[in-house]
file protein36.txt (compact mmCIF, C-alpha atoms (C1' of nucleotides))
# COMPACT_ATOMS: atom_id res chain seq x y z
CA MET A 1 180.29 245.49 184.36
CA ARG A 2 179.89 249.25 184.37
CA ILE A 3 176.82 250.99 185.72
CA GLY A 4 175.37 251.62 182.28
CA GLU A 5 175.65 247.94 181.48
CA LEU A 6 173.97 247.01 184.73
CA GLY A 7 171.19 249.42 183.88
CA GLN A 8 170.79 247.86 180.47
CA ALA A 9 170.82 244.35 181.92
CA THR A 10 168.18 245.09 184.54
CA GLY A 11 166.13 247.91 183.06
CA VAL A 12 166.89 250.08 186.07
CA ASP A 13 167.89 253.72 185.67
CA ILE A 14 171.54 254.36 186.60
CA GLU A 15 170.52 257.11 188.95
CA THR A 16 168.20 254.71 190.69
CA ILE A 17 171.06 252.23 190.94
CA ARG A 18 173.26 254.84 192.58
CA TYR A 19 170.32 255.76 194.82
CA TYR A 20 169.96 252.18 196.00
CA GLU A 21 173.68 251.99 196.73
CA LYS A 22 173.48 255.16 198.76
CA ALA A 23 170.40 253.84 200.54
CA GLY A 24 172.40 250.78 201.51
CA LEU A 25 170.31 248.27 199.57
CA LEU A 26 172.91 247.51 196.94
CA PRO A 27 176.48 246.78 198.12
CA ALA A 28 179.06 249.28 196.93
CA PRO A 29 180.97 247.60 194.09
CA GLU A 30 184.71 247.56 193.47
CA ARG A 31 186.10 250.51 191.57
CA ARG A 32 188.29 250.58 188.50
CA GLN A 33 191.43 252.66 188.35
CA ASN A 34 189.42 255.47 186.75
CA GLY A 35 186.82 255.51 189.54
CA TYR A 36 184.16 253.69 187.54
CA ARG A 37 182.06 251.16 189.40
CA ALA A 38 182.72 247.52 188.54
CA TYR A 39 179.63 245.41 189.17
CA ALA A 40 179.76 241.67 189.80
CA PRO A 41 177.03 239.06 189.18
CA LEU A 42 175.93 239.34 192.79
CA HIS A 43 174.93 242.94 192.12
CA VAL A 44 172.77 241.89 189.20
CA GLU A 45 171.01 239.38 191.42
CA ARG A 46 170.62 241.82 194.28
CA LEU A 47 169.18 244.46 192.02
CA ALA A 48 166.74 241.95 190.58
CA PHE A 49 165.68 241.07 194.12
CA ILE A 50 165.09 244.71 194.94
CA ARG A 51 163.10 245.40 191.77
CA HIS A 52 161.02 242.32 192.30
CA CYS A 53 160.09 243.52 195.78
CA ARG A 54 159.39 247.01 194.45
CA ALA A 55 157.05 245.45 191.93
CA LEU A 56 155.18 244.16 194.97
CA ASP A 57 155.03 247.75 196.29
CA ILE A 58 157.24 246.77 199.21
CA SER A 59 158.95 249.82 200.69
CA LEU A 60 162.70 250.14 200.60
CA ALA A 61 162.74 249.89 204.41
CA ASP A 62 160.91 246.56 204.26
CA ILE A 63 163.17 245.38 201.45
CA GLN A 64 166.09 246.12 203.72
CA ARG A 65 164.43 243.93 206.37
CA LEU A 66 163.92 241.12 203.89
CA LEU A 67 167.57 241.35 202.88
CA ALA A 68 168.50 240.98 206.53
CA PHE A 69 166.51 237.76 206.60
CA VAL A 70 168.34 236.55 203.52
CA ALA A 71 171.62 237.28 205.29
CA HIS A 72 170.48 235.42 208.40
CA PRO A 73 168.86 232.12 207.41
CA GLU A 74 168.62 231.18 211.06
CA SER A 75 166.22 234.02 211.81
CA ASP A 76 162.51 233.57 212.37
CA CYS A 77 160.38 232.98 209.32
CA ARG A 78 157.32 234.34 211.08
CA ASP A 79 158.74 237.82 210.86
CA ILE A 80 158.86 237.47 207.10
CA ASP A 81 155.28 236.28 207.12
CA ARG A 82 154.25 239.27 209.15
CA LEU A 83 156.00 241.62 206.79
CA ILE A 84 154.27 240.17 203.74
CA ASP A 85 150.96 240.04 205.60
CA ALA A 86 151.24 243.70 206.49
CA GLN A 87 152.06 244.50 202.89
CA LEU A 88 149.10 242.49 201.67
CA ALA A 89 146.82 244.30 204.13
CA ARG A 90 148.08 247.68 202.91
CA VAL A 91 147.51 246.73 199.30
CA GLN A 92 144.02 245.45 200.07
CA ALA A 93 143.10 248.61 201.95
CA ARG A 94 144.41 250.70 199.12
CA LEU A 95 142.51 248.59 196.64
CA GLN A 96 139.25 249.24 198.45
CA SER A 97 139.79 252.95 198.57
CA MET A 98 140.64 252.97 194.85
CA GLN A 99 137.43 251.09 194.11
CA ALA A 100 135.38 253.61 196.04
CA LEU A 101 137.23 256.34 194.23
CA GLU A 102 136.44 254.86 190.85
CA ARG A 103 132.75 254.71 191.71
CA GLN A 104 132.77 258.30 192.86
CA LEU A 105 134.55 259.58 189.79
CA THR A 106 132.23 257.61 187.53
CA ALA A 107 129.23 259.18 189.26
CA LEU A 108 130.77 262.62 188.98
CA ARG A 109 131.57 262.09 185.33
CA GLY A 110 127.93 261.20 184.72
CA ARG A 111 126.90 264.71 185.73
CA CYS A 112 128.18 266.27 182.56
CA GLY A 113 125.28 267.64 180.58
CA LYS A 114 125.08 268.73 177.00
CA SER A 115 126.06 272.31 177.57
CA HIS A 116 129.61 273.32 176.81
CA LEU A 117 129.93 276.18 179.27
CA ALA A 118 131.81 275.68 182.48
CA GLY A 119 129.15 277.78 184.19
CA ASP A 120 126.61 275.09 183.41
CA CYS A 121 128.85 272.14 184.05
CA GLY A 122 127.34 269.42 186.19
CA ILE A 123 130.78 268.32 187.30
CA LEU A 124 131.71 271.72 188.59
CA HIS A 125 128.30 272.11 190.21
CA GLU A 126 128.88 268.89 192.05
CA LEU A 127 132.32 269.91 193.22
CA VAL A 128 131.10 273.34 194.27
CA ALA A 129 128.03 271.89 195.95
CA ALA A 130 130.27 269.84 198.14
CA ALA A 131 131.75 273.05 199.38
CA HIS A 132 128.28 274.16 200.50
CA HIS A 133 127.85 271.11 202.68
CA GLU A 134 125.33 269.60 200.30
CA ALA A 135 125.54 265.91 199.74
CA CYS A 136 127.17 265.56 196.32
CA ILE A 137 126.36 262.60 194.15
CA CYS A 138 129.94 261.35 194.09
CA HIS A 139 130.07 261.25 197.87
CA ARG A 140 126.40 260.80 198.69
CA GLU A 141 126.79 257.17 199.61
CA ALA A 142 129.93 257.92 201.52
CA LEU A 143 128.30 260.67 203.53
CA SER A 144 125.96 258.15 205.00
CA LYS A 145 129.04 256.14 205.93
CA PRO A 146 131.56 258.55 207.42
CA ALA A 147 134.05 255.74 207.80
CA GLU A 148 134.22 255.42 204.05
CA VAL A 149 135.10 259.06 203.57
CA GLU A 150 137.98 258.46 205.91
CA ALA A 151 138.82 255.33 203.96
CA VAL A 152 139.18 257.48 200.87
CA ILE A 153 140.99 260.47 202.32
CA ALA A 154 143.26 258.87 204.87
CA PRO A 155 145.04 256.47 202.50
CA LEU A 156 145.45 259.28 199.98
CA ALA A 157 146.93 261.55 202.58
CA THR A 158 149.25 258.90 203.93
CA GLN A 159 150.28 257.53 200.59
CA GLY A 160 153.80 256.99 201.74
CA ALA A 161 153.02 255.74 205.21
CA MET B 1 138.09 282.88 212.01
CA ARG B 2 141.66 282.01 212.94
CA ILE B 3 143.57 279.22 211.27
CA GLY B 4 143.04 276.79 214.13
CA GLU B 5 139.31 277.36 213.90
CA LEU B 6 139.34 276.79 210.16
CA GLY B 7 141.25 273.58 210.77
CA GLN B 8 138.67 272.48 213.33
CA ALA B 9 135.80 273.38 211.02
CA THR B 10 137.19 271.48 208.03
CA GLY B 11 139.30 268.75 209.56
CA VAL B 12 142.34 270.01 207.66
CA ASP B 13 145.73 270.34 209.37
CA ILE B 14 146.78 273.99 209.80
CA GLU B 15 150.08 273.30 208.15
CA THR B 16 148.25 271.88 205.18
CA ILE B 17 146.10 275.02 205.10
CA ARG B 18 149.18 277.20 205.01
CA TYR B 19 150.62 274.90 202.37
CA TYR B 20 147.58 275.35 200.15
CA GLU B 21 147.82 279.12 200.57
CA LYS B 22 151.46 279.06 199.57
CA ALA B 23 150.62 276.79 196.64
CA GLY B 24 148.10 279.37 195.48
CA LEU B 25 145.02 277.20 195.90
CA LEU B 26 143.59 279.06 198.86
CA PRO B 27 143.44 282.87 198.66
CA ALA B 28 145.56 284.67 201.24
CA PRO B 29 143.16 285.93 203.93
CA GLU B 30 143.12 289.33 205.64
CA ARG B 31 145.39 289.71 208.65
CA ARG B 32 144.59 290.96 212.12
CA GLN B 33 146.69 293.61 213.82
CA ASN B 34 148.74 290.87 215.46
CA GLY B 35 149.52 289.16 212.14
CA TYR B 36 147.03 286.32 212.61
CA ARG B 37 145.11 285.18 209.56
CA ALA B 38 141.43 286.08 209.50
CA TYR B 39 139.48 283.61 207.40
CA ALA B 40 136.14 284.42 205.76
CA PRO B 41 133.34 281.99 204.79
CA LEU B 42 134.69 281.90 201.24
CA HIS B 43 137.85 280.27 202.58
CA VAL B 44 135.84 277.55 204.28
CA GLU B 45 134.08 276.83 201.01
CA ARG B 46 137.25 276.91 198.97
CA LEU B 47 138.99 274.56 201.36
CA ALA B 48 136.05 272.18 201.21
CA PHE B 49 136.26 272.26 197.42
CA ILE B 50 139.95 271.44 197.53
CA ARG B 51 139.53 268.58 200.01
CA HIS B 52 136.66 267.17 198.02
CA CYS B 53 138.86 267.07 194.92
CA ARG B 54 141.74 265.57 196.90
CA ALA B 55 139.36 262.87 198.05
CA LEU B 56 139.00 262.10 194.36
CA ASP B 57 142.81 261.82 194.11
CA ILE B 58 142.88 264.86 191.85
CA SER B 59 146.33 266.47 191.87
CA LEU B 60 146.79 270.00 193.18
CA ALA B 61 147.69 271.09 189.64
CA ASP B 62 144.40 269.76 188.31
CA ILE B 63 142.52 271.31 191.21
CA GLN B 64 144.05 274.61 190.22
CA ARG B 65 142.72 274.05 186.70
CA LEU B 66 139.25 273.28 188.01
CA LEU B 67 139.34 276.45 190.10
CA ALA B 68 140.16 278.37 186.95
CA PHE B 69 137.02 276.95 185.39
CA VAL B 70 135.02 278.03 188.42
CA ALA B 71 136.40 281.52 187.99
CA HIS B 72 135.53 281.54 184.29
CA PRO B 73 132.01 280.18 183.77
CA GLU B 74 132.24 281.07 180.09
CA SER B 75 135.04 278.58 179.50
CA ASP B 76 134.61 275.26 177.74
CA CYS B 77 133.01 272.46 179.71
CA ARG B 78 134.72 269.86 177.57
CA ASP B 79 138.03 270.66 179.17
CA ILE B 80 136.53 269.79 182.54
CA ASP B 81 135.24 266.54 181.11
CA ARG B 82 138.67 265.74 179.79
CA LEU B 83 140.27 266.43 183.14
CA ILE B 84 137.87 264.15 184.99
CA ASP B 85 138.15 261.51 182.26
CA ALA B 86 141.93 261.53 182.56
CA GLN B 87 141.62 261.24 186.31
CA LEU B 88 139.19 258.35 185.98
CA ALA B 89 141.56 256.61 183.55
CA ARG B 90 144.46 257.05 185.96
CA VAL B 91 142.43 255.63 188.83
CA GLN B 92 141.29 252.69 186.73
CA ALA B 93 144.83 251.90 185.61
CA ARG B 94 146.02 252.11 189.18
CA LEU B 95 143.16 249.89 190.27
CA GLN B 96 144.17 247.20 187.81
CA SER B 97 147.77 247.27 188.89
CA MET B 98 146.70 247.03 192.55
CA GLN B 99 144.52 244.03 191.71
CA ALA B 100 147.43 242.29 190.03
CA LEU B 101 149.57 243.17 192.99
CA GLU B 102 147.10 241.68 195.43
CA ARG B 103 147.04 238.45 193.48
CA GLN B 104 150.81 238.30 193.41
CA LEU B 105 151.20 238.96 197.11
CA THR B 106 148.54 236.38 197.92
CA ALA B 107 150.41 233.81 195.86
CA LEU B 108 153.66 234.72 197.51
CA ARG B 109 152.12 234.52 200.94
CA GLY B 110 150.94 231.02 200.13
CA ARG B 111 154.53 229.86 199.86
CA CYS B 112 155.13 230.00 203.56
CA GLY B 113 155.73 226.52 204.88
CA LYS B 114 155.68 225.20 208.37
CA SER B 115 159.31 225.80 209.14
CA HIS B 116 160.16 228.82 211.17
CA LEU B 117 163.64 229.43 209.78
CA ALA B 118 164.21 232.18 207.29
CA GLY B 119 166.60 229.86 205.51
CA ASP B 120 163.68 227.59 204.69
CA CYS B 121 161.20 230.30 203.97
CA GLY B 122 159.17 229.81 200.82
CA ILE B 123 158.60 233.53 200.58
CA LEU B 124 162.28 234.30 200.62
CA HIS B 125 162.98 231.49 198.19
CA GLU B 126 160.49 233.00 195.82
CA LEU B 127 161.97 236.45 196.09
CA VAL B 128 165.50 235.13 195.69
CA ALA B 129 164.47 232.89 192.81
CA ALA B 130 163.28 235.93 190.95
CA ALA B 131 166.81 237.24 191.17
CA HIS B 132 168.00 234.08 189.38
CA HIS B 133 165.74 234.71 186.43
CA GLU B 134 163.49 231.82 187.42
CA ALA B 135 159.80 232.33 187.02
CA CYS B 136 158.54 232.97 190.54
CA ILE B 137 155.03 231.98 191.46
CA CYS B 138 154.00 235.52 192.29
CA HIS B 139 154.99 236.75 188.86
CA ARG B 140 154.65 233.57 186.86
CA GLU B 141 151.44 234.62 185.19
CA ALA B 142 152.83 238.05 184.59
CA LEU B 143 155.96 236.72 182.94
CA SER B 144 153.84 235.21 180.23
CA LYS B 145 152.32 238.67 179.80
CA PRO B 146 155.19 241.15 179.79
CA ALA B 147 152.74 244.00 179.48
CA GLU B 148 151.39 243.14 182.89
CA VAL B 149 154.80 243.36 184.55
CA GLU B 150 155.02 246.85 183.12
CA ALA B 151 151.51 247.52 184.33
CA VAL B 152 152.70 246.73 187.84
CA ILE B 153 156.05 248.48 187.83
CA ALA B 154 155.35 251.56 185.76
CA PRO B 155 152.47 252.91 187.86
CA LEU B 156 154.47 252.26 191.00
CA ALA B 157 157.46 254.10 189.63
CA THR B 158 155.41 257.02 188.41
CA GLN B 159 153.22 257.27 191.44
CA GLY B 160 153.31 261.00 191.35
CA ALA B 161 153.07 261.41 187.59
C1' DC C 1 193.10 267.40 168.96
C1' DT C 2 188.05 267.14 169.02
C1' DT C 3 183.82 265.01 169.80
C1' DG C 4 180.54 262.18 171.80
C1' DA C 5 179.40 258.53 174.96
C1' DC C 6 180.05 257.26 179.45
C1' DC C 7 181.30 257.97 184.14
C1' DC C 8 181.81 260.56 188.78
C1' DT C 9 179.90 263.35 193.10
C1' DA C 10 176.96 266.63 194.98
C1' DT C 11 172.85 268.96 195.05
C1' DA C 12 168.24 269.99 193.98
C1' DG C 13 163.65 269.00 192.44
C1' DT C 14 159.15 266.24 192.19
C1' DT C 15 154.39 265.57 194.91
C1' DA C 16 151.67 266.36 198.90
C1' DC C 17 152.10 266.92 202.75
C1' DT C 18 154.25 267.00 207.82
C1' DA C 19 157.48 268.34 211.37
C1' DC C 20 160.41 271.38 213.63
C1' DA C 21 162.97 275.72 215.10
C1' DG C 22 162.68 280.05 217.02
C1' DG C 23 160.03 283.58 218.26
C1' DG C 24 155.54 286.54 219.00
C1' DT C 25 150.58 287.12 221.06
C1' DG C 26 146.75 286.57 224.16
C1' DT C 27 144.48 284.98 228.25
C1' DG C 28 143.79 283.17 232.71
C1' DT C 29 145.60 282.38 237.29
C1' DA C 30 148.49 282.94 241.33
C1' DT D 1 153.16 291.64 237.82
C1' DA D 2 154.83 287.15 236.46
C1' DC D 3 154.10 282.75 234.72
C1' DA D 4 152.08 279.03 232.12
C1' DC D 5 149.72 277.46 228.39
C1' DA D 6 147.41 277.63 224.01
C1' DC D 7 147.68 279.66 219.79
C1' DC D 8 149.87 282.07 216.08
C1' DC D 9 153.80 283.50 212.77
C1' DT D 10 157.72 282.53 209.05
C1' DG D 11 161.22 279.79 207.40
C1' DT D 12 163.34 275.55 206.78
C1' DA D 13 163.77 270.74 206.58
C1' DG D 14 162.15 266.13 206.24
C1' DT D 15 159.30 262.13 204.31
C1' DA D 16 159.39 258.30 200.32
C1' DA D 17 161.20 256.91 195.99
C1' DC D 18 162.91 258.35 192.77
C1' DT D 19 164.65 261.84 188.85
C1' DA D 20 167.14 265.75 187.06
C1' DT D 21 170.87 268.89 186.84
C1' DA D 22 175.55 271.06 187.42
C1' DG D 23 180.23 270.68 186.78
C1' DG D 24 183.86 268.00 185.79
C1' DG D 25 186.71 263.53 184.56
C1' DT D 26 187.62 259.33 181.30
C1' DC D 27 187.79 256.81 177.07
C1' DA D 28 187.72 255.69 172.29
C1' DA D 29 187.20 256.86 167.54
C1' DG D 30 187.87 260.03 163.72
call {"tool": "encode", "arguments": {"input": "protein36.txt", "output": "structure tokens"}}
result
Amino acid sequence: MRIGELGQATGVDIETIRYYEKAGLLPAPERRQNGYRAYAPLHVERLAFIRHCRALDISLADIQRLLAFVAHPESDCRDIDRLIDAQLARVQARLQSMQALERQLTALRGRCGKSHLAGDCGILHELVAAAHHEACICHREALSKPAEVEAVIAPLATQGA
Amino acid sequence: MRIGELGQATGVDIETIRYYEKAGLLPAPERRQNGYRAYAPLHVERLAFIRHCRALDISLADIQRLLAFVAHPESDCRDIDRLIDAQLARVQARLQSMQALERQLTALRGRCGKSHLAGDCGILHELVAAAHHEACICHREALSKPAEVEAVIAPLATQGA
DNA sequence: CTTGACCCTATAGTTACTACAGGGTGTGTA
DNA sequence: TACACACCCTGTAGTAACTATAGGGTCAAG
């Protein structure tokens, strides 16, 4: 199977496939005489594994760790548990910050009045007010809970962490 | 005010401050004889505006657009509304995909048995099963709703879109 | 032979930071 | 005066997970 066919079969972009090979997640396949990659069924399965984990927002580094567990069935299952637990905790933390964010944006959106001039815009006033150290409506609740501001900003800033 | 002082005053990393200046979001300040930046109160306010928007997960490009509205009070408020609406929609879509993800990870986590060998690990079995085109428990519901699989993968893949 | 689809490697770009290299400036202390 | 330390500067590179592009090779059909 050539790379285009693998891409078709799995819905993964060929450049992403080559990226995964370079990253060491997908074993380098045999090559044909003309230099084209020749993928075997094991590659299809491996790629499906990787995409499944990506769908769970598991980082490539963690996927690599999971693959090591697959390769070593005698290794400790608790490490896998810990990995998934950590992932679950990250997702839950992110979920909470997204929920706070939705509330804040909804509140900000509610500031739009009837005027159609930016100079009179309630949204802009709110955003500018924040710059004057006034408690804005979208963050008013959060300002009384400094930890929540951090909960919003920190995950955003460390989105890849 | 020097850059370190601005960083202290706003909680923003000095490298991030320089980044914003280079990105055109923060006006370049005057310079002292020795080349050090000399920030004015307007910079403090502008930086606060930017960080407030970042806290709302608004992209730097959109922040630039909002700043253009601030600079042109005669412009149309509806464009601001549309920007915030689009942002709200993005956050809500992301929120839904995170919720699905949490459910899936919770289900996967529940597969861990009592054995402590990776070879017997329910989590690994699930992940590997997915590679065999079997309906895994973490995605089983989603497989009956193909749109939801896309809802999980597409936002993850376009995280910066 | 030409054309278009497919393939190759290498490099660069995306987004929003963050880190590092190499060097300059200012201040306090011995 | 010399040294140490904190702070500053520009430029470049790195992070994570892709995605795009440049330049060139291969293959099959017309």
call {"tool": "interface_residues", "arguments": {"input": "protein36.txt", "of": "chain B", "to": "chain C", "cutoff": "12 Å", "atoms": "only C-alpha atoms (C1' of nucleotides)", "output": "PDB file with C-alpha atoms, keeping the file's coordinate frame"}}
result
ATOM      1  CA  VAL B  12     142.340 270.010 207.660  1.00  0.00           C
ATOM      2  CA  ASP B  13     145.730 270.340 209.370  1.00  0.00           C
ATOM      3  CA  ILE B  14     146.780 273.990 209.800  1.00  0.00           C
ATOM      4  CA  GLU B  15     150.080 273.300 208.150  1.00  0.00           C
ATOM      5  CA  THR B  16     148.250 271.880 205.180  1.00  0.00           C
ATOM      6  CA  ILE B  17     146.100 275.020 205.100  1.00  0.00           C
ATOM      7  CA  ARG B  18     149.180 277.200 205.010  1.00  0.00           C
ATOM      8  CA  TYR B  19     150.620 274.900 202.370  1.00  0.00           C
ATOM      9  CA  TYR B  20     147.580 275.350 200.150  1.00  0.00           C
ATOM     10  CA  ALA B  23     150.620 276.790 196.640  1.00  0.00           C
ATOM     11  CA  ARG B  32     144.590 290.960 212.120  1.00  0.00           C
ATOM     12  CA  GLN B  33     146.690 293.610 213.820  1.00  0.00           C
ATOM     13  CA  ASN B  34     148.740 290.870 215.460  1.00  0.00           C
ATOM     14  CA  GLY B  35     149.520 289.160 212.140  1.00  0.00           C
ATOM     15  CA  TYR B  36     147.030 286.320 212.610  1.00  0.00           C
ATOM     16  CA  ARG B  54     141.740 265.570 196.900  1.00  0.00           C
ATOM     17  CA  ASP B  57     142.810 261.820 194.110  1.00  0.00           C
ATOM     18  CA  ILE B  58     142.880 264.860 191.850  1.00  0.00           C
ATOM     19  CA  SER B  59     146.330 266.470 191.870  1.00  0.00           C
ATOM     20  CA  LEU B  60     146.790 270.000 193.180  1.00  0.00           C
ATOM     21  CA  ALA B  61     147.690 271.090 189.640  1.00  0.00           C
ATOM     22  CA  THR B 158     155.410 257.020 188.410  1.00  0.00           C
ATOM     23  CA  GLN B 159     153.220 257.270 191.440  1.00  0.00           C
ATOM     24  CA  GLY B 160     153.310 261.000 191.350  1.00  0.00           C
ATOM     25  CA  ALA B 161     153.070 261.410 187.590  1.00  0.00           C
TER      26      ALA B 161
END
call {"tool": "atom_distance", "arguments": {"input": "protein36.txt", "atom1": "CA of His125 in chain A", "atom2": "CA of Asp62 in chain B"}}
result
16.4 Å
call {"tool": "residues_around", "arguments": {"input": "protein36.txt", "residues": "Leu47 in chain B", "least_positions_apart": "2", "cutoff": "9 Å", "atoms": "all atoms listed in the file", "output": "PyMOL selection string"}}
result
(chain A and resi 131) or (chain B and resi 10+12+17+20+25-26+42-45+49-52)
call {"tool": "write_last_selection", "arguments": {"input": "protein36.txt", "atoms": "C-alpha atoms", "output": "PDB file, in the frame of the given file"}}
result
ATOM      1  CA  ALA A 131     131.750 273.050 199.380  1.00  0.00           C
TER       2      ALA A 131
ATOM      3  CA  THR B  10     137.190 271.480 208.030  1.00  0.00           C
ATOM      4  CA  VAL B  12     142.340 270.010 207.660  1.00  0.00           C
ATOM      5  CA  ILE B  17     146.100 275.020 205.100  1.00  0.00           C
ATOM      6  CA  TYR B  20     147.580 275.350 200.150  1.00  0.00           C
ATOM      7  CA  LEU B  25     145.020 277.200 195.900  1.00  0.00           C
ATOM      8  CA  LEU B  26     143.590 279.060 198.860  1.00  0.00           C
ATOM      9  CA  LEU B  42     134.690 281.900 201.240  1.00  0.00           C
ATOM     10  CA  HIS B  43     137.850 280.270 202.580  1.00  0.00           C
ATOM     11  CA  VAL B  44     135.840 277.550 204.280  1.00  0.00           C
ATOM     12  CA  GLU B  45     134.080 276.830 201.010  1.00  0.00           C
ATOM     13  CA  PHE B  49     136.260 272.260 197.420  1.00  0.00           C
ATOM     14  CA  ILE B  50     139.950 271.440 197.530  1.00  0.00           C
ATOM     15  CA  ARG B  51     139.530 268.580 200.010  1.00  0.00           C
ATOM     16  CA  HIS B  52     136.660 267.170 198.020  1.00  0.00           C
TER      17      HIS B  52
END
call {"tool": "atom_distance", "arguments": {"input": "protein36.txt", "atom1": "CA of Pro73 in chain B", "atom2": "CA of Arg46 in chain B"}}
result
16.4 Å
call {"tool": "closest_atom_pairs", "arguments": {"input": "protein36.txt", "of": "chain D", "to": "chain B", "cutoff": "8 Å", "atoms": "all atoms listed in the file", "output": "CSV"}}
result
residue,atom,partner,partner_atom,distance
D:DC7,C1',B:Gly4,CA,7.9
D:DC8,C1',B:Tyr36,CA,6.2
D:DC9,C1',B:Gly35,CA,7.1
D:DA17,C1',B:Ala157,CA,7.9
D:DC18,C1',B:Ala157,CA,7.6
